[in-house]
Amino acid sequence: MSDREEFWSIVKRLNGDVNRCLTKLQATAAGDAEKAFWRRMYARAVFGLIDAAIHQMAWHAYITRKLTEVPFSPDELARLETIAEATADHMATSPPDTSQTLADMEFAFNSFARVHFSEYVLPTNDPAWVLVQATAALKHLFQDPRQVRGLAVRDEDVGLLGKGLQWFVERMVDMQKSCYQAMLDKDELVM
Amino acid sequence: MTDDTDDTVSLKEIWGAIPMLSDDVQRWLIVMDETPEGDAEGEEFVYRMLLRTAVAVIEGITFRVVLQASVVGSAQRPDFISQELAKFYEFDENGIAAAPPERSGMLEAIRFGFHAYAQAHDSDYSLGTPDDNWEVIDDIAGLHQQLVAPGRVEDLVVTEEDFVKISRGIGWFLKRWHELLFKCGHALIETTPLQGPVM
């Protein structure tokens with residue numbers, strides 16, 4: 001399996017979890033306590049996909065950097081190495097800082113693009129970026145064990161998370177297309 | 001999700017999320033029972049989600065144990081945080097735990113948190129000597145890390161054997177936590193002087 005196929009297999013598998021939770025949520029009658037459970041699990045699955053995809057992009061950037069020798073600053077390199085260690089050992093040096101999701105996302109997208117000679121930059125000036133900002137805010141409330149009031153997920157949150165996730169996945173597709181084209185142009189297709 | 005800007009939170013509120021998280025673990029066990037036999041993808045989905053939920057329970061309770069220890073302990077001893085808790089947690093200027101423990105040391109975080117809670121409540125409760133269950137907690141932390149930071153698609157596979165470990169680990173953890181609460185409640189009764197007229 002190529003790196004590219006591996007990447008999308010992971011996204012597809014975790015997106016399957018998101019869809020299963022959504023199907024269960026939609027099949028549960030309104031007002032049922034089960035509904036609240038499936039809303040929470042839908043959120044948990046969405047955040048799981050986002051975390052894994054961010055990690056995958058940064059992990060591939062780390063591996064590919066060795067092949068393409070694209071320069072990174074010492075700070076950027078240290079960040080990539082921390083991610084690589086977490087992947088190799090299945091041990092984290094620290095839990096993900098959920099307040100840093102947006103910064104991690106930008107770093108992962110842009111690092112991945114750079115090592116594939118693409119000039120793609122995550123379009124944070126897109127009006128729909130607010131959806132991702134809102135998704136990240138909900139993620140922080142939900143995942144950080146210090147947040148004591150954020151576990152209830154409302155119906156409107158489900159809609160927001162769906163739109164935020166869709167934008168995120170669409171940008172991954174755009175970014176990978178851009179990388180593919182850049183590698184073709186450079187005649188260094190190693191994805 | 002609520003977006004309350006009032007930072008004042010009671011201990012009751014702090015612990016309020018835990019029954020919901022514990023119920024979520026129970027619900028996943030029910031969903032597991034309802035999953036048709038032979039539905040490998042369905043089982044894998046349940047295993048992954050149960051793992052995520054179980055880790056949320058362990059991290060959530062461990063954090064709250066430390067938080068309550070800091071509140072109760074510092075009320076009795078001004079140096080309680082600097083002497084007992086600062087080894088493991090970072091605290092903000094208000095003495096509130098600001099940084100959770102490292103996930104790689106989930107077991108150590110539990111041991112530390114339970115010890116601090118016991119000390120703050122004048123109890124000599126201890127988790128005891130290491131046994132097989134301790135390794136299961138470390139396994140759970142490792143499995144969860146694979147979901148958060150997968151290198152390959154195989155890292156997302158949580159097996160039936162893992163499922164047994166997760167069930168055993170969360171059961172062990174909740175039992176020890178209830179034990180801690182019981183022992184500390186008992187210690188509190190023993191050390192609290194009688195008030196009012198003695199018959």
# chains A, B, ... in the order shown; residues from 1 in each chain; ligands from 1
>>> residues_around(residues="Cys21 (chain A)", least_positions_apart="4", cutoff="8 Å", atoms="only C-alpha atoms", output="VMD selection string")
chain A and resid 17 25 38 to 39 41 to 42 45
>>> write_last_selection(atoms="N, CA and C atoms", output="tab-separated table (two decimals), in the first residue's frame")
chain	number	residue	atom	x	y	z
A	17	ASP	N	-16.57	5.35	11.19
A	17	ASP	CA	-17.06	5.49	12.57
A	17	ASP	C	-18.00	6.69	12.69
A	25	LEU	N	-27.67	7.93	15.30
A	25	LEU	CA	-28.31	9.15	15.82
A	25	LEU	C	-29.61	9.44	15.07
A	38	TRP	N	-25.71	9.24	21.33
A	38	TRP	CA	-25.18	9.17	19.95
A	38	TRP	C	-24.66	10.53	19.48
A	39	ARG	N	-25.23	11.59	20.01
A	39	ARG	CA	-24.66	12.92	19.68
A	39	ARG	C	-23.25	13.03	20.24
A	41	MET	N	-21.24	10.57	20.94
A	41	MET	CA	-20.34	9.64	20.25
A	41	MET	C	-20.01	10.12	18.84
A	42	TYR	N	-20.99	10.80	18.22
A	42	TYR	CA	-20.72	11.40	16.90
A	42	TYR	C	-19.59	12.42	17.06
A	45	ALA	N	-16.31	10.71	17.56
A	45	ALA	CA	-15.79	10.11	16.31
A	45	ALA	C	-15.23	11.19	15.37
>>> residues_around(residues="region 78-89 of chain A", least_positions_apart="5", cutoff="8 Å", atoms="only C-alpha atoms", output="PyMOL selection string")
(chain A and resi 55+58-59+61-62) or (chain B and resi 145-146+149-151)
>>> residues_around(residues="Gly169 (chain B)", least_positions_apart="4", cutoff="6 Å", atoms="only C-alpha atoms", output="ChimeraX atom specification")
/B:136-137,165
>>> select_by_dssp(residues="region 29-160 of chain A", states="alpha helix (DSSP H)", output="JSON, numbers by chain")
{"A": [33, 34, 35, 36, 37, 38, 39, 40, 41, 42, 43, 44, 45, 46, 47, 48, 49, 50, 51, 52, 53, 54, 55, 56, 57, 58, 59, 60, 61, 62, 63, 64, 65, 66, 67, 68, 74, 75, 76, 77, 78, 79, 80, 81, 82, 83, 84, 85, 86, 87, 88, 89, 101, 102, 103, 104, 105, 106, 107, 108, 109, 110, 111, 112, 113, 114, 115, 129, 130, 131, 132, 133, 134, 135, 136, 137, 138, 139, 140, 141, 142, 143, 155, 156, 157, 158, 159, 160]}
>>> residues_around(residues="Met105 (chain A)", least_positions_apart="4", cutoff="8 Å", atoms="only C-alpha atoms", output="short mmCIF file (atom, residue, chain, number, x, y, z; two decimals) with C-alpha atoms, in the first residue's frame")
data_model
loop_
_atom_site.label_atom_id
_atom_site.label_comp_id
_atom_site.auth_asym_id
_atom_site.auth_seq_id
_atom_site.Cartn_x
_atom_site.Cartn_y
_atom_site.Cartn_z
CA ILE A 54 -3.68 15.94 11.48
CA THR A 101 -5.95 22.02 17.28
CA PHE A 109 -1.35 20.86 6.12
#
>>> atom_distance(atom1="CA of Trp8 (chain A)", atom2="CA of Val55 (chain B)")
25.7 Å
>>> residues_around(residues="Phe114 (chain B)", least_positions_apart="6", cutoff="9 Å", atoms="only C-alpha atoms", output="short mmCIF file (atom, residue, chain, number, x, y, z; two decimals) with N, CA and C atoms, in the first residue's frame")
data_model
loop_
_atom_site.label_atom_id
_atom_site.label_comp_id
_atom_site.auth_asym_id
_atom_site.auth_seq_id
_atom_site.Cartn_x
_atom_site.Cartn_y
_atom_site.Cartn_z
N THR B 62 -9.33 10.89 36.93
CA THR B 62 -7.99 11.16 37.48
C THR B 62 -7.78 12.66 37.64
N VAL B 65 -9.85 13.90 40.59
CA VAL B 65 -9.26 13.45 41.86
C VAL B 65 -8.15 14.42 42.27
N VAL B 66 -7.29 14.78 41.32
CA VAL B 66 -6.20 15.71 41.61
C VAL B 66 -6.74 17.10 41.95
N ALA B 69 -8.16 17.04 45.36
CA ALA B 69 -7.06 16.95 46.33
C ALA B 69 -6.41 18.32 46.52
N TYR B 125 -4.95 5.40 52.28
CA TYR B 125 -5.30 4.54 51.14
C TYR B 125 -4.12 4.43 50.17
N SER B 126 -3.90 3.22 49.68
CA SER B 126 -2.86 3.00 48.68
C SER B 126 -3.39 2.02 47.64
N LEU B 127 -2.93 2.16 46.41
CA LEU B 127 -3.37 1.24 45.36
C LEU B 127 -2.79 -0.16 45.55
N TRP B 177 -11.39 3.36 42.35
CA TRP B 177 -11.85 4.73 42.61
C TRP B 177 -12.94 4.72 43.69
N LEU B 180 -11.34 4.17 46.93
CA LEU B 180 -10.70 5.41 47.40
C LEU B 180 -11.72 6.32 48.07
#
>>> atom_distance(atom1="CA of Leu141 (chain A)", atom2="CA of Arg152 (chain B)")
28.5 Å
>>> residues_around(residues="Asn15 (chain A)", least_positions_apart="4", cutoff="7 Å", atoms="only C-alpha atoms", output="MDAnalysis selection string")
chainID A and resid 11 19 49
>>> closest_residue(among="B:Ile61, B:Val25, B:Leu51, B:Met20", to="Arg176 (chain B)", atoms="only C-alpha atoms")
B:Ile61
>>> decode(residues="region 10-163 of chain A", atoms="C-alpha atoms", output="compact mmCIF listing (two decimals), in the first residue's frame")
# COMPACT_ATOMS: atom_id res chain seq x y z
CA ILE A 10 -7.05 5.71 7.78
CA VAL A 11 -9.33 8.63 6.96
CA LYS A 12 -11.90 6.30 5.38
CA ARG A 13 -11.88 3.89 8.34
CA LEU A 14 -12.42 6.68 10.86
CA ASN A 15 -14.99 8.37 8.66
CA GLY A 16 -16.82 5.04 8.79
CA ASP A 17 -17.06 5.49 12.57
CA VAL A 18 -18.46 9.00 12.07
CA ASN A 19 -21.09 7.70 9.63
CA ARG A 20 -22.10 4.82 11.89
CA CYS A 21 -22.66 7.23 14.79
CA LEU A 22 -24.66 9.57 12.54
CA THR A 23 -26.81 6.70 11.24
CA LYS A 24 -27.54 5.56 14.80
CA LEU A 25 -28.31 9.15 15.82
CA GLN A 26 -30.74 9.64 12.95
CA ALA A 27 -32.42 6.31 13.66
CA THR A 28 -33.05 7.20 17.32
CA ALA A 29 -36.34 8.86 18.23
CA ALA A 30 -36.26 12.49 19.32
CA GLY A 31 -36.21 12.98 23.09
CA ASP A 32 -34.76 9.54 23.69
CA ALA A 33 -31.78 9.46 26.10
CA GLU A 34 -30.04 7.36 23.45
CA LYS A 35 -30.09 10.42 21.21
CA ALA A 36 -27.84 12.37 23.57
CA PHE A 37 -25.50 9.38 23.76
CA TRP A 38 -25.18 9.17 19.95
CA ARG A 39 -24.66 12.92 19.68
CA ARG A 40 -21.75 12.62 22.11
CA MET A 41 -20.34 9.64 20.25
CA TYR A 42 -20.72 11.40 16.90
CA ALA A 43 -18.64 14.27 18.33
CA ARG A 44 -16.09 11.82 19.72
CA ALA A 45 -15.79 10.11 16.31
CA VAL A 46 -15.44 13.44 14.43
CA PHE A 47 -12.70 14.59 16.80
CA GLY A 48 -10.98 11.20 16.51
CA LEU A 49 -10.88 11.57 12.72
CA ILE A 50 -9.55 15.13 12.90
CA ASP A 51 -6.81 14.17 15.40
CA ALA A 52 -5.68 11.15 13.37
CA ALA A 53 -5.71 13.05 10.05
CA ILE A 54 -3.68 15.94 11.48
CA HIS A 55 -1.23 13.44 12.88
CA GLN A 56 -1.03 11.51 9.60
CA MET A 57 -0.26 14.65 7.59
CA ALA A 58 2.52 15.65 9.98
CA TRP A 59 3.84 12.09 10.13
CA HIS A 60 4.02 11.86 6.32
CA ALA A 61 5.68 15.27 6.21
CA TYR A 62 8.34 13.94 8.60
CA ILE A 63 8.97 10.78 6.54
CA THR A 64 8.92 12.54 3.16
CA ARG A 65 11.18 15.35 4.39
CA LYS A 66 13.99 12.79 4.69
CA LEU A 67 13.55 11.85 1.03
CA THR A 68 13.05 15.29 -0.46
CA GLU A 69 15.35 17.22 1.90
CA VAL A 70 13.01 20.20 2.07
CA PRO A 71 14.40 22.54 4.75
CA PHE A 72 12.54 23.15 8.02
CA SER A 73 13.44 25.48 10.88
CA PRO A 74 14.81 23.86 14.08
CA ASP A 75 11.47 24.50 15.83
CA GLU A 76 9.50 22.94 12.99
CA LEU A 77 11.83 19.97 12.91
CA ALA A 78 11.52 19.46 16.65
CA ARG A 79 7.74 19.49 16.27
CA LEU A 80 7.87 16.91 13.48
CA GLU A 81 10.25 14.71 15.46
CA THR A 82 7.94 14.73 18.48
CA ILE A 83 5.13 13.55 16.22
CA ALA A 84 7.36 10.87 14.70
CA GLU A 85 8.35 9.55 18.13
CA ALA A 86 4.72 9.34 19.20
CA THR A 87 3.93 7.33 16.06
CA ALA A 88 6.90 5.00 16.29
CA ASP A 89 6.56 4.18 20.00
CA HIS A 90 2.80 4.49 20.31
CA MET A 91 3.62 6.58 23.33
CA ALA A 92 2.94 10.28 23.64
CA THR A 93 5.35 12.56 25.41
CA SER A 94 2.32 14.59 26.36
CA PRO A 95 -1.39 14.42 25.57
CA PRO A 96 -2.54 16.53 22.63
CA ASP A 97 -3.13 20.09 23.70
CA THR A 98 -6.71 20.49 22.54
CA SER A 99 -6.40 24.28 22.61
CA GLN A 100 -3.82 23.94 19.81
CA THR A 101 -5.95 22.02 17.28
CA LEU A 102 -6.12 24.88 14.76
CA ALA A 103 -2.38 25.60 14.98
CA ASP A 104 -1.62 21.88 14.65
CA MET A 105 -3.93 21.65 11.66
CA GLU A 106 -2.26 24.52 9.83
CA PHE A 107 1.18 23.13 10.62
CA ALA A 108 0.24 19.66 9.38
CA PHE A 109 -1.35 20.86 6.12
CA ASN A 110 1.44 23.27 5.29
CA SER A 111 4.26 20.86 6.22
CA PHE A 112 2.73 18.10 4.12
CA ALA A 113 2.42 20.46 1.14
CA ARG A 114 5.98 21.76 1.51
CA VAL A 115 7.64 18.34 1.46
CA HIS A 116 5.75 17.60 -1.75
CA PHE A 117 6.94 20.85 -3.36
CA SER A 118 3.41 22.25 -3.32
CA GLU A 119 2.68 25.86 -2.47
CA TYR A 120 -0.67 24.89 -1.00
CA VAL A 121 -1.52 26.78 2.19
CA LEU A 122 -4.57 25.96 4.31
CA PRO A 123 -7.04 28.73 3.35
CA THR A 124 -7.78 30.14 6.78
CA ASN A 125 -9.13 33.28 5.09
CA ASP A 126 -11.98 31.21 3.61
CA PRO A 127 -15.32 32.32 5.13
CA ALA A 128 -15.99 28.66 5.99
CA TRP A 129 -12.91 28.63 8.25
CA VAL A 130 -15.25 29.82 11.02
CA LEU A 131 -16.84 26.36 10.89
CA VAL A 132 -13.49 24.76 11.64
CA GLN A 133 -12.81 27.31 14.38
CA ALA A 134 -16.17 26.46 15.96
CA THR A 135 -15.46 22.73 15.57
CA ALA A 136 -12.09 23.16 17.28
CA ALA A 137 -13.71 25.12 20.11
CA LEU A 138 -16.23 22.31 20.67
CA LYS A 139 -13.40 19.78 20.48
CA HIS A 140 -11.51 21.60 23.21
CA LEU A 141 -14.59 21.71 25.44
CA PHE A 142 -15.26 18.04 24.87
CA GLN A 143 -11.81 16.45 24.96
CA ASP A 144 -9.88 18.38 27.59
CA PRO A 145 -10.44 16.59 30.91
CA ARG A 146 -10.20 19.97 32.65
CA GLN A 147 -13.37 21.16 30.94
CA VAL A 148 -16.17 20.17 33.26
CA ARG A 149 -19.15 21.61 31.42
CA GLY A 150 -18.62 20.62 27.83
CA LEU A 151 -19.88 17.06 27.53
CA ALA A 152 -23.41 17.78 26.36
CA VAL A 153 -23.64 17.94 22.55
CA ARG A 154 -26.67 19.74 21.12
CA ASP A 155 -28.46 19.03 17.84
CA GLU A 156 -27.09 22.23 16.32
CA ASP A 157 -23.57 21.15 17.33
CA VAL A 158 -24.02 17.99 15.26
CA GLY A 159 -24.81 20.06 12.17
CA LEU A 160 -21.86 22.33 12.81
CA LEU A 161 -19.46 19.42 13.32
CA GLY A 162 -20.66 17.80 10.09
CA LYS A 163 -20.01 20.98 8.10
